[in-house]
$ cat final.csv   # CSV, C-alpha atoms and all ligand atoms
chain,number,residue,atom,x,y,z
A,1,MET,CA,0.0,0.0,0.0
A,2,GLU,CA,2.8,2.4,1.1
A,3,GLU,CA,4.8,1.4,-2.0
A,4,GLN,CA,1.8,2.1,-4.2
A,5,LEU,CA,1.3,5.6,-2.6
A,6,ALA,CA,5.0,6.4,-3.1
A,7,ARG,CA,4.7,5.2,-6.7
A,8,SER,CA,1.7,7.4,-7.4
A,9,HIS,CA,3.4,10.5,-5.8
A,10,ARG,CA,6.5,9.8,-8.0
A,11,LEU,CA,4.3,9.5,-11.1
A,12,ALA,CA,2.4,12.7,-10.2
A,13,ALA,CA,5.7,14.7,-9.9
A,14,LEU,CA,7.1,13.2,-13.0
A,15,GLY,CA,3.9,13.8,-14.8
A,16,LYS,CA,3.9,17.5,-14.0
A,17,MET,CA,7.4,17.9,-15.3
A,18,ALA,CA,6.7,15.9,-18.4
A,19,ALA,CA,3.7,18.0,-19.3
A,20,GLY,CA,5.7,21.2,-18.9
A,21,ILE,CA,8.5,19.9,-21.1
A,22,ALA,CA,6.1,18.5,-23.7
A,23,HIS,CA,4.4,21.9,-24.2
A,24,GLU,CA,7.7,23.6,-24.6
A,25,ILE,CA,8.8,21.2,-27.3
A,26,ARG,CA,5.7,20.9,-29.3
A,27,ASN,CA,5.6,24.4,-30.9
A,28,PRO,CA,9.2,24.5,-32.1
A,29,LEU,CA,8.8,21.0,-33.5
A,30,GLY,CA,5.9,22.2,-35.6
A,31,THR,CA,8.1,25.0,-37.0
A,32,LEU,CA,11.0,22.5,-37.7
A,33,ARG,CA,8.6,20.2,-39.6
A,34,GLY,CA,7.3,23.0,-41.7
A,35,PHE,CA,10.7,24.1,-42.7
A,36,ALA,CA,11.8,20.6,-43.5
A,37,GLN,CA,8.9,20.3,-45.8
A,38,TYR,CA,9.6,23.6,-47.4
A,39,PHE,CA,13.2,22.7,-48.2
A,40,GLY,CA,12.2,19.2,-49.3
A,41,ALA,CA,9.8,20.6,-51.8
A,42,ARG,CA,12.5,22.9,-53.2
A,43,ALA,CA,15.3,20.4,-53.1
A,44,GLU,CA,17.1,19.8,-56.4
A,45,ASP,CA,18.8,16.5,-55.7
A,46,ASP,CA,17.7,13.1,-54.4
A,47,ALA,CA,20.0,13.3,-51.3
A,48,SER,CA,18.4,16.6,-50.1
A,49,ARG,CA,14.9,15.2,-50.7
A,50,GLU,CA,15.8,12.1,-48.7
A,51,TYR,CA,17.3,14.1,-45.8
A,52,SER,CA,14.2,16.3,-45.7
A,53,SER,CA,11.9,13.3,-45.5
A,54,LEU,CA,14.1,11.8,-42.8
A,55,MET,CA,13.8,15.0,-40.8
A,56,ILE,CA,10.0,15.0,-41.1
A,57,GLY,CA,10.0,11.3,-40.0
A,58,GLU,CA,12.1,12.1,-36.9
A,59,VAL,CA,9.9,15.1,-36.0
A,60,ASP,CA,6.9,12.9,-36.3
A,61,ARG,CA,8.5,10.3,-34.0
A,62,LEU,CA,9.2,13.0,-31.4
A,63,ASN,CA,5.7,14.2,-31.6
A,64,GLU,CA,4.4,10.7,-30.9
A,65,SER,CA,6.7,10.5,-27.9
A,66,ILE,CA,5.3,13.8,-26.7
A,67,SER,CA,1.7,12.5,-27.1
A,68,SER,CA,2.6,9.6,-24.8
A,69,LEU,CA,4.2,12.0,-22.4
A,70,LEU,CA,1.1,14.1,-22.2
A,71,GLN,CA,-1.1,11.2,-21.8
A,72,PHE,CA,1.0,9.8,-19.1
A,73,SER,CA,1.0,13.1,-17.2
A,74,ARG,CA,-2.7,13.8,-17.6
A,75,PRO,CA,-4.5,10.5,-17.8
A,76,ARG,CA,-8.2,10.9,-18.6
A,77,GLU,CA,-11.0,9.3,-16.7
A,78,PRO,CA,-12.3,6.2,-18.4
A,79,GLU,CA,-15.8,6.1,-19.7
A,80,PHE,CA,-17.1,2.6,-18.8
A,81,LEU,CA,-19.4,1.1,-21.5
A,82,PRO,CA,-20.4,-2.5,-22.4
A,83,LEU,CA,-17.8,-3.8,-24.9
A,84,GLU,CA,-17.5,-6.9,-27.0
A,85,LEU,CA,-14.0,-8.1,-26.3
A,86,GLU,CA,-13.7,-9.8,-29.7
A,87,ASP,CA,-14.2,-6.4,-31.5
A,88,LEU,CA,-11.4,-4.8,-29.5
A,89,LEU,CA,-9.0,-7.7,-30.3
A,90,GLU,CA,-9.9,-7.5,-34.0
A,91,LYS,CA,-9.3,-3.8,-34.0
A,92,MET,CA,-5.9,-4.4,-32.4
A,93,GLU,CA,-5.0,-6.9,-35.1
A,94,LYS,CA,-6.1,-4.7,-37.9
A,95,LEU,CA,-4.1,-1.8,-36.7
A,96,LEU,CA,-0.9,-3.8,-36.5
A,97,GLU,CA,-1.5,-5.9,-39.6
A,98,TYR,CA,1.1,-4.2,-41.6
A,99,ASP,CA,3.8,-4.5,-38.9
A,100,LEU,CA,3.0,-8.2,-38.4
A,101,LYS,CA,3.3,-8.8,-42.2
A,102,GLU,CA,6.5,-6.8,-42.5
A,103,LYS,CA,8.3,-9.1,-39.9
A,104,ASN,CA,6.4,-12.2,-41.2
A,105,ILE,CA,5.1,-12.9,-37.7
A,106,THR,CA,2.4,-15.5,-37.4
A,107,LEU,CA,-0.4,-14.5,-35.1
A,108,GLU,CA,-2.2,-17.4,-33.4
A,109,LYS,CA,-5.5,-16.5,-32.0
A,110,SER,CA,-7.8,-18.3,-29.7
A,111,TYR,CA,-10.6,-16.1,-28.6
A,112,THR,CA,-13.7,-17.6,-30.3
A,113,CYS,CA,-16.0,-17.1,-27.3
A,114,SER,CA,-17.9,-13.9,-27.2
A,115,ILE,CA,-17.2,-12.0,-23.9
A,116,GLN,CA,-18.7,-8.8,-22.8
A,117,ILE,CA,-16.9,-6.5,-20.4
A,118,GLU,CA,-17.4,-3.0,-19.0
A,119,GLY,CA,-14.6,-0.7,-20.0
A,120,ASP,CA,-13.3,2.2,-22.0
A,121,GLY,CA,-12.8,0.9,-25.5
A,122,ASP,CA,-10.3,3.5,-26.6
A,123,LEU,CA,-8.2,3.2,-23.5
A,124,LEU,CA,-8.2,-0.6,-23.5
A,125,LEU,CA,-7.4,-0.7,-27.2
A,126,GLN,CA,-4.3,1.4,-26.4
A,127,VAL,CA,-3.3,-1.2,-23.8
A,128,LEU,CA,-3.7,-4.1,-26.2
A,129,LEU,CA,-1.8,-2.2,-28.9
A,130,ASN,CA,1.1,-1.5,-26.6
A,131,VAL,CA,1.3,-5.1,-25.4
A,132,LEU,CA,1.2,-6.5,-28.9
A,133,LYS,CA,3.6,-3.9,-30.2
A,134,ASN,CA,6.1,-4.9,-27.5
A,135,ALA,CA,5.7,-8.5,-28.4
A,136,LEU,CA,6.3,-7.6,-32.1
A,137,ASN,CA,9.4,-5.5,-31.2
A,138,ALA,CA,10.8,-8.4,-29.1
A,139,SER,CA,10.3,-10.9,-31.9
A,140,GLU,CA,12.7,-12.0,-34.6
A,141,THR,CA,11.5,-12.2,-38.2
A,142,ASP,CA,9.3,-15.2,-38.7
A,143,GLY,CA,8.4,-15.3,-35.0
A,144,LEU,CA,5.2,-16.5,-33.4
A,145,ILE,CA,2.8,-14.5,-31.2
A,146,SER,CA,-0.3,-16.0,-29.7
A,147,VAL,CA,-3.2,-14.1,-28.3
A,148,THR,CA,-5.6,-16.0,-26.0
A,149,CYS,CA,-8.6,-14.8,-24.2
A,150,GLU,CA,-10.3,-16.7,-21.4
A,151,ASN,CA,-12.8,-15.8,-18.7
A,152,ASP,CA,-14.3,-17.1,-15.4
A,153,ASP,CA,-17.3,-15.8,-13.6
A,154,GLU,CA,-15.8,-12.4,-12.7
A,155,HIS,CA,-12.7,-11.8,-14.8
A,156,ILE,CA,-11.3,-11.9,-18.3
A,157,TYR,CA,-7.7,-12.9,-19.0
A,158,ILE,CA,-6.1,-11.7,-22.2
A,159,THR,CA,-2.6,-13.2,-22.8
A,160,VAL,CA,-0.1,-12.1,-25.4
A,161,LYS,CA,2.8,-14.5,-25.7
A,162,ASP,CA,5.8,-14.2,-27.9
A,163,ASN,CA,8.9,-16.3,-28.5
A,164,GLY,CA,11.2,-13.2,-28.8
A,165,VAL,CA,14.2,-12.0,-26.8
A,166,GLY,CA,12.6,-12.2,-23.4
A,167,MET,CA,13.7,-10.2,-20.3
A,168,SER,CA,16.0,-10.6,-17.3
A,169,ARG,CA,14.5,-10.5,-13.8
A,170,VAL,CA,15.7,-6.9,-13.4
A,171,GLU,CA,14.2,-5.9,-16.7
A,172,CYS,CA,10.9,-7.5,-15.7
A,173,GLU,CA,10.9,-5.6,-12.4
A,174,GLN,CA,11.4,-2.3,-14.3
A,175,MET,CA,9.3,-2.8,-17.4
A,176,PHE,CA,6.4,-0.7,-16.1
A,177,ASP,CA,8.6,2.2,-14.8
A,178,PRO,CA,8.3,5.5,-16.6
A,179,PHE,CA,11.1,5.9,-19.3
A,180,PHE,CA,12.4,2.4,-18.9
A,181,THR,CA,13.2,1.1,-22.3
A,182,THR,CA,15.8,-1.2,-23.9
A,183,ARG,CA,14.9,0.0,-27.4
A,184,LYS,CA,16.8,2.6,-29.3
A,185,THR,CA,13.7,4.3,-30.4
A,186,GLY,CA,11.6,3.5,-27.4
A,187,THR,CA,10.0,6.1,-25.0
A,188,GLY,CA,9.5,3.7,-22.1
A,189,LEU,CA,6.0,5.1,-21.6
A,190,GLY,CA,3.9,2.5,-23.4
A,191,LEU,CA,3.6,0.2,-20.4
A,192,THR,CA,3.5,2.9,-17.8
A,193,VAL,CA,0.4,4.3,-19.5
A,194,SER,CA,-1.0,0.8,-20.0
A,195,HIS,CA,-0.5,0.1,-16.3
A,196,GLN,CA,-2.4,3.3,-15.4
A,197,ILE,CA,-5.3,2.3,-17.7
A,198,VAL,CA,-5.5,-1.2,-16.4
A,199,GLU,CA,-5.5,0.1,-12.8
A,200,GLN,CA,-8.3,2.5,-13.7
A,201,HIS,CA,-10.2,-0.6,-14.8
A,202,GLN,CA,-9.4,-2.3,-11.4
A,203,GLY,CA,-7.3,-4.8,-13.2
A,204,LEU,CA,-3.8,-6.0,-13.2
A,205,PHE,CA,-0.9,-7.3,-15.3
A,206,LYS,CA,0.9,-10.7,-14.8
A,207,VAL,CA,4.2,-11.2,-16.7
A,208,THR,CA,6.5,-14.1,-17.0
A,209,SER,CA,9.6,-14.0,-19.2
A,210,GLU,CA,12.7,-15.9,-19.9
A,211,GLN,CA,15.7,-14.4,-21.7
A,212,GLY,CA,16.2,-15.9,-25.1
A,213,LYS,CA,12.9,-17.8,-24.9
A,214,GLY,CA,10.1,-15.2,-24.8
A,215,THR,CA,7.5,-13.3,-22.8
A,216,SER,CA,4.0,-13.8,-21.7
A,217,VAL,CA,1.9,-10.8,-20.7
A,218,THR,CA,-1.6,-11.4,-19.2
A,219,ILE,CA,-4.0,-8.5,-18.7
A,220,ILE,CA,-6.6,-9.4,-16.0
A,221,LEU,CA,-9.8,-7.3,-16.0
A,222,PRO,CA,-13.0,-7.5,-14.1
A,223,GLN,CA,-16.0,-8.1,-16.3
A,224,ARG,CA,-18.0,-5.6,-14.4
A,225,GLN,CA,-16.8,-2.4,-12.8
A,226,ARG,CA,-17.5,-2.2,-9.1
A,227,GLU,CA,-18.4,1.2,-7.6
A,228,GLN,CA,-15.2,2.7,-6.3
A,301,LIG,P1,9.0,1.1,-25.2
A,301,LIG,O1,8.2,0.1,-26.0
A,301,LIG,O2,9.0,2.5,-25.7
A,301,LIG,O3,10.4,0.6,-24.9
A,301,LIG,P2,7.3,0.1,-23.0
A,301,LIG,O4,6.9,0.8,-21.7
A,301,LIG,O5,6.2,-0.3,-23.9
A,301,LIG,O6,8.3,1.1,-23.8
A,301,LIG,O7,8.2,-1.1,-22.7
A,301,LIG,C1,9.3,-1.0,-21.8
A,301,LIG,C2,10.4,-2.1,-22.0
A,301,LIG,O8,9.8,-3.3,-21.5
A,301,LIG,C3,10.8,-2.4,-23.4
A,301,LIG,O9,11.7,-1.5,-23.9
A,301,LIG,C4,11.4,-3.8,-23.2
A,301,LIG,O10,12.7,-3.7,-22.7
A,301,LIG,C5,10.5,-4.4,-22.2
A,301,LIG,N1,9.4,-5.2,-22.8
A,301,LIG,C6,8.1,-5.0,-22.8
A,301,LIG,N2,7.5,-6.0,-23.4
A,301,LIG,C7,8.4,-6.9,-23.8
A,301,LIG,C8,8.4,-8.2,-24.5
A,301,LIG,N3,7.2,-8.8,-24.9
A,301,LIG,N4,9.6,-8.9,-24.6
A,301,LIG,C9,10.7,-8.3,-24.2
A,301,LIG,N5,10.8,-7.1,-23.6
A,301,LIG,C10,9.7,-6.4,-23.3
$ encode --input "final.csv" --output "structure tokens" --more "lines below"
Ligand code: ADP
Amino acid sequence: MEEQLARSHRLAALGKMAAGIAHEIRNPLGTLRGFAQYFGARAEDDASREYSSLMIGEVDRLNESISSLLQFSRPREPEFLPLELEDLLEKMEKLLEYDLKEKNITLEKSYTCSIQIEGDGDLLLQVLLNVLKNALNASETDGLISVTCENDDEHIYITVKDNGVGMSRVECEQMFDPFFTTRKTGTGLGLTVSHQIVEQHQGLFKVTSEQGKGTSVTIILPQRQREQ
């Protein structure tokens, strides 16, 4: 309990700082993007055109990181509505279809049953996307990712399992910490935000991982939201 309180104080302080920095950065980034486009349109050789499009791509990546930062610092209240879990999982798959194909990853699904839950569809989709994206990033080309979904009387269990690089015990302990990332282009905020969202839904994460073998992430959510 005390640890949770300390964690939420730490997150609140970090969040305030992050929001301040994010606002400071967003405007100049817009200007940089505009000029990169301007010079790209007037470039007379291929190299200059390529550099300009690289600059635009990098600015877009920074903007995405800033969106995560802002969301982390100012999480919105969920709007709980009845949801069909299968719809959410299908949306998740559609949105990452291209990335899965690009790495030739096989996605094994077993969620034939129709399960209804009470939740915020946009927020939960974000969690699912983050978890599947992480599995994808950890996977080698031609890897295998399985998504299973089960339920009992009160809860649903969504498990995303990959046979990718896996994590050490220390990495496993830190994976939900803000800004913890082992990826060159990572923000380390995906799972922090996902953790916040799952907590808002009175749920929790269970993770098992073995280096060199793979990782299994289970999201446990109550089917109905209790009054808080
Ligand atoms: P990011 O994806 O920007 O690095 P996340 O918060 O989503 O940020 O993840 C934090 C870190 O947790 C990742 O950089 C990675 O080290 C670790 N991680 C998360 N999921 C997996 C996974 N399925 N396999 C291996 N490592 C993982």
$ residues_near_ligand --input "final.csv" --ligand "ligand LIG 301 (chain A)" --cutoff "9 Å" --atoms "all atoms listed in the file" --output "VMD selection string"
chain A and resid 65 130 to 139 160 to 168 171 to 172 174 to 194 209 to 211 214 to 217
$ closest_residue --input "final.csv" --among "A:Phe72, A:Lys206, A:Val170, A:Leu83" --to "Ser8 in chain A" --atoms "only C-alpha atoms"
A:Phe72
$ closest_residue --input "final.csv" --among "A:Ile105, A:Ala19, A:Leu96, A:Ile25" --to "Ser68 in chain A" --atoms "only C-alpha atoms"
A:Ala19
$ residues_around --input "final.csv" --residues "Leu95 in chain A" --least-positions-apart "3" --cutoff "12 Å" --atoms "only C-alpha atoms" --output "PyMOL selection string"
chain A and resi 88-92+98-101+125-126+128-130+132-133
$ atom_distance --input "final.csv" --atom1 "CA of Lys16 in chain A" --atom2 "CA of Pro75 in chain A"
11.6 Å
$ atom_distance --input "final.csv" --atom1 "CA of Ile117 in chain A" --atom2 "CA of Leu85 in chain A"
6.8 Å
$ closest_residue --input "final.csv" --among "A:Leu32, A:Leu70, A:Ile220, A:Ile21" --to "Glu150 in chain A" --atoms "only C-alpha atoms"
A:Ile220
$ closest_residue --input "final.csv" --among "A:Lys109, A:His195, A:Arg169, A:Arg224" --to "Cys149 in chain A" --atoms "only C-alpha atoms"
A:Lys109
$ closest_atom_pairs --input "final.csv" --of "range 82-164 of chain A" --to "range 196-203 of chain A" --cutoff "10 Å" --atoms "all atoms listed in the file" --output "Markdown table"
| residue | atom | partner | partner_atom | distance |
| --- | --- | --- | --- | --- |
| A:Glu118 | CA | A:His201 | CA | 8.7 |
| A:Gly119 | CA | A:His201 | CA | 6.8 |
| A:Asp120 | CA | A:His201 | CA | 8.3 |
| A:Leu123 | CA | A:Ile197 | CA | 6.5 |
| A:Leu124 | CA | A:Ile197 | CA | 7.1 |
| A:Gln126 | CA | A:Ile197 | CA | 8.8 |
| A:Val127 | CA | A:Ile197 | CA | 7.3 |
| A:His155 | CA | A:Gly203 | CA | 9.0 |
| A:Ile156 | CA | A:Gly203 | CA | 9.6 |
| A:Tyr157 | CA | A:Gly203 | CA | 10.0 |
$ atom_distance --input "final.csv" --atom1 "CA of Ser53 in chain A" --atom2 "CA of Gly30 in chain A"
14.6 Å
$ closest_residue --input "final.csv" --among "A:Leu5, A:Val207, A:Leu81, A:Leu144" --to "Asn104 in chain A" --atoms "only C-alpha atoms"
A:Leu144
$ closest_residue --input "final.csv" --among "A:Asn63, A:Gln37, A:Thr159, A:Asn151" --to "Gln116 in chain A" --atoms "only C-alpha atoms"
A:Asn151
$ residues_near_point --input "final.csv" --point "(-5.0, -14.0, -30.1)" --cutoff "7 Å" --atoms "only C-alpha atoms" --output "PyMOL selection string"
chain A and resi 107-111+146-149
$ write_last_selection --input "final.csv" --atoms "C-alpha atoms" --output "mmCIF file, keeping the file's coordinate frame"
data_model
loop_
_atom_site.group_PDB
_atom_site.id
_atom_site.type_symbol
_atom_site.label_atom_id
_atom_site.label_comp_id
_atom_site.auth_asym_id
_atom_site.auth_seq_id
_atom_site.Cartn_x
_atom_site.Cartn_y
_atom_site.Cartn_z
ATOM 1 C CA LEU A 107 -0.400 -14.500 -35.100
ATOM 2 C CA GLU A 108 -2.200 -17.400 -33.400
ATOM 3 C CA LYS A 109 -5.500 -16.500 -32.000
ATOM 4 C CA SER A 110 -7.800 -18.300 -29.700
ATOM 5 C CA TYR A 111 -10.600 -16.100 -28.600
ATOM 6 C CA SER A 146 -0.300 -16.000 -29.700
ATOM 7 C CA VAL A 147 -3.200 -14.100 -28.300
ATOM 8 C CA THR A 148 -5.600 -16.000 -26.000
ATOM 9 C CA CYS A 149 -8.600 -14.800 -24.200
#
$ residues_around --input "final.csv" --residues "Met55 in chain A" --least-positions-apart "2" --cutoff "12 Å" --atoms "only C-alpha atoms" --output "short mmCIF file (atom, residue, chain, number, x, y, z; two decimals) with C-alpha atoms, keeping the file's coordinate frame"
data_model
loop_
_atom_site.label_atom_id
_atom_site.label_comp_id
_atom_site.auth_asym_id
_atom_site.auth_seq_id
_atom_site.Cartn_x
_atom_site.Cartn_y
_atom_site.Cartn_z
CA LEU A 29 8.80 21.00 -33.50
CA GLY A 30 5.90 22.20 -35.60
CA LEU A 32 11.00 22.50 -37.70
CA ARG A 33 8.60 20.20 -39.60
CA GLY A 34 7.30 23.00 -41.70
CA PHE A 35 10.70 24.10 -42.70
CA ALA A 36 11.80 20.60 -43.50
CA GLN A 37 8.90 20.30 -45.80
CA TYR A 38 9.60 23.60 -47.40
CA PHE A 39 13.20 22.70 -48.20
CA GLY A 40 12.20 19.20 -49.30
CA SER A 48 18.40 16.60 -50.10
CA ARG A 49 14.90 15.20 -50.70
CA GLU A 50 15.80 12.10 -48.70
CA TYR A 51 17.30 14.10 -45.80
CA SER A 52 14.20 16.30 -45.70
CA SER A 53 11.90 13.30 -45.50
CA GLY A 57 10.00 11.30 -40.00
CA GLU A 58 12.10 12.10 -36.90
CA VAL A 59 9.90 15.10 -36.00
CA ASP A 60 6.90 12.90 -36.30
CA ARG A 61 8.50 10.30 -34.00
CA LEU A 62 9.20 13.00 -31.40
#
